[in-house]
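Input: a single structure, listed below in structure tokens.
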Amino acid sequence: MSRWPIPEPMQQALALAREAAAAGEVPVGAVVVKDGAVIGSGGNRPRADHDPTAHAEIAAIRMAAKALGNERLEGCELWVTLEPCAMCAGAISHARIGKLYYAASDPKGGAVEHGALVYEQVQCLHRPEVYSGIGEAEAVELLRSFFRDRR
């Protein structure tokens, strides 16, 4: 689908999104990478965990923080299949993640290039470098087919 090869971290995030969809969750997956190695990963699990904070990004950040033994994930990258919401964008900032890569934009719930624009707020103390559109066609198709199947 993509014109360019999808980087391995985004391929892993897309695989996690497919797993989330198979479990009946909105298909979002995320991985945290440090020095080329995945140190945290997760797929959406709010329904399974009965937890509104169980987003893919939060799961990946929690796993990475435990792996490093530090709540600050400086020098890390987060790869996620959908533009983060305000909660996840805030967590990314608080974790001091250096780079954020996401596939599909989310005009309804996103808070990076839409909505709250978290990183543009004066109160935001850390702003990651942001790169969007990586693996976008694949992520969009996962989301479309997920919601189409539920109508």
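Note on naming: chains are A, B, ... as they come in the structure tokens, residues start from 1 per chain, ligands start from 1 in the order shown.
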
Q: List every residue of stretch 35-92 of chain A that DSSP, applied to the backbone of this structure, assigns to alpha helix (DSSP H), and report them as a ChimeraX atom specification.
A: /A:46-49,56-68,86-92

Q.
Env of A:Gly24: 12 Å cut, atoms = only C-alpha atoms, seq-sep filter 6 positions within chain, self excluded. Answer as a list of chain:residue names.
A. A:Ala17, A:Arg18, A:Gly43, A:Asn44, A:Arg45, A:Pro46, A:Arg47, A:Ala48, A:Leu143, A:Phe146, A:Phe147, A:Asp149, A:Arg150

Would you write out, as JSON lines, a table of all residues in stretch 53-107 of chain A that have an atom no more than 9 Å from an atom of stretch 116-131 of chain A, listing for each the closest atom pair and the distance in Å to one decimal, considering only C-alpha atoms and ordering rows by chain and rising residue number?
```
{"residue": "A:Glu77", "atom": "CA", "partner": "A:Pro128", "partner_atom": "CA", "distance": 8.9}
{"residue": "A:Cys85", "atom": "CA", "partner": "A:Ala116", "partner_atom": "CA", "distance": 8.6}
{"residue": "A:Ala86", "atom": "CA", "partner": "A:Val118", "partner_atom": "CA", "distance": 6.5}
{"residue": "A:Ala89", "atom": "CA", "partner": "A:Val118", "partner_atom": "CA", "distance": 6.6}
{"residue": "A:Gly90", "atom": "CA", "partner": "A:Val118", "partner_atom": "CA", "distance": 7.0}
{"residue": "A:Ile92", "atom": "CA", "partner": "A:Pro128", "partner_atom": "CA", "distance": 7.9}
{"residue": "A:Ser93", "atom": "CA", "partner": "A:His126", "partner_atom": "CA", "distance": 5.2}
{"residue": "A:His94", "atom": "CA", "partner": "A:His126", "partner_atom": "CA", "distance": 7.1}
{"residue": "A:Ala95", "atom": "CA", "partner": "A:His126", "partner_atom": "CA", "distance": 8.7}
{"residue": "A:Arg96", "atom": "CA", "partner": "A:His126", "partner_atom": "CA", "distance": 6.2}
{"residue": "A:Ile97", "atom": "CA", "partner": "A:Pro128", "partner_atom": "CA", "distance": 6.1}
{"residue": "A:Gly98", "atom": "CA", "partner": "A:Pro128", "partner_atom": "CA", "distance": 4.7}
{"residue": "A:Lys99", "atom": "CA", "partner": "A:Glu129", "partner_atom": "CA", "distance": 4.6}
{"residue": "A:Leu100", "atom": "CA", "partner": "A:Val130", "partner_atom": "CA", "distance": 4.8}
{"residue": "A:Tyr101", "atom": "CA", "partner": "A:Tyr131", "partner_atom": "CA", "distance": 4.8}
{"residue": "A:Tyr102", "atom": "CA", "partner": "A:Tyr131", "partner_atom": "CA", "distance": 6.5}
{"residue": "A:Ala103", "atom": "CA", "partner": "A:Tyr131", "partner_atom": "CA", "distance": 8.6}
```

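Among A:Val140, A:Leu14, A:Ala23, A:Ala104, the residue with the shortest atom-to-atom distance to A:Asp49, counting only C-alpha atoms, is A:Ala23.
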
**Q.** Nearby residues (only C-alpha atoms) at most 12 Å from A:Ser41, same-chain spacing under 5 positions excluded, as a count of residues only
**A.** 31

Q: Give me the residues within 7 Å of A:Gly135 as a count of residues only, counting only C-alpha atoms and dropping any in the same chain fewer than 2 places off.
A: 8

Q.
With DSSP run on the backbone, what are the strand (DSSP E or B) residues within stretch 27-147 of chain A? I'd like them as a PyMOL selection string.
A. chain A and resi 29-34+37-43+76-82+99-104+129-132

Q) Hey, can you check how far atom CA of A:Gly75 sits from atom CA of A:Ala37? A)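 Here the two named atoms are 11.8 Å from each other.
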
Q: Would you mind telling me which residue in A:His114, A:His50, A:Pro107, A:Gly36 lies nearest to A:Pro7 when using only C-alpha atoms?
A: A:Gly36
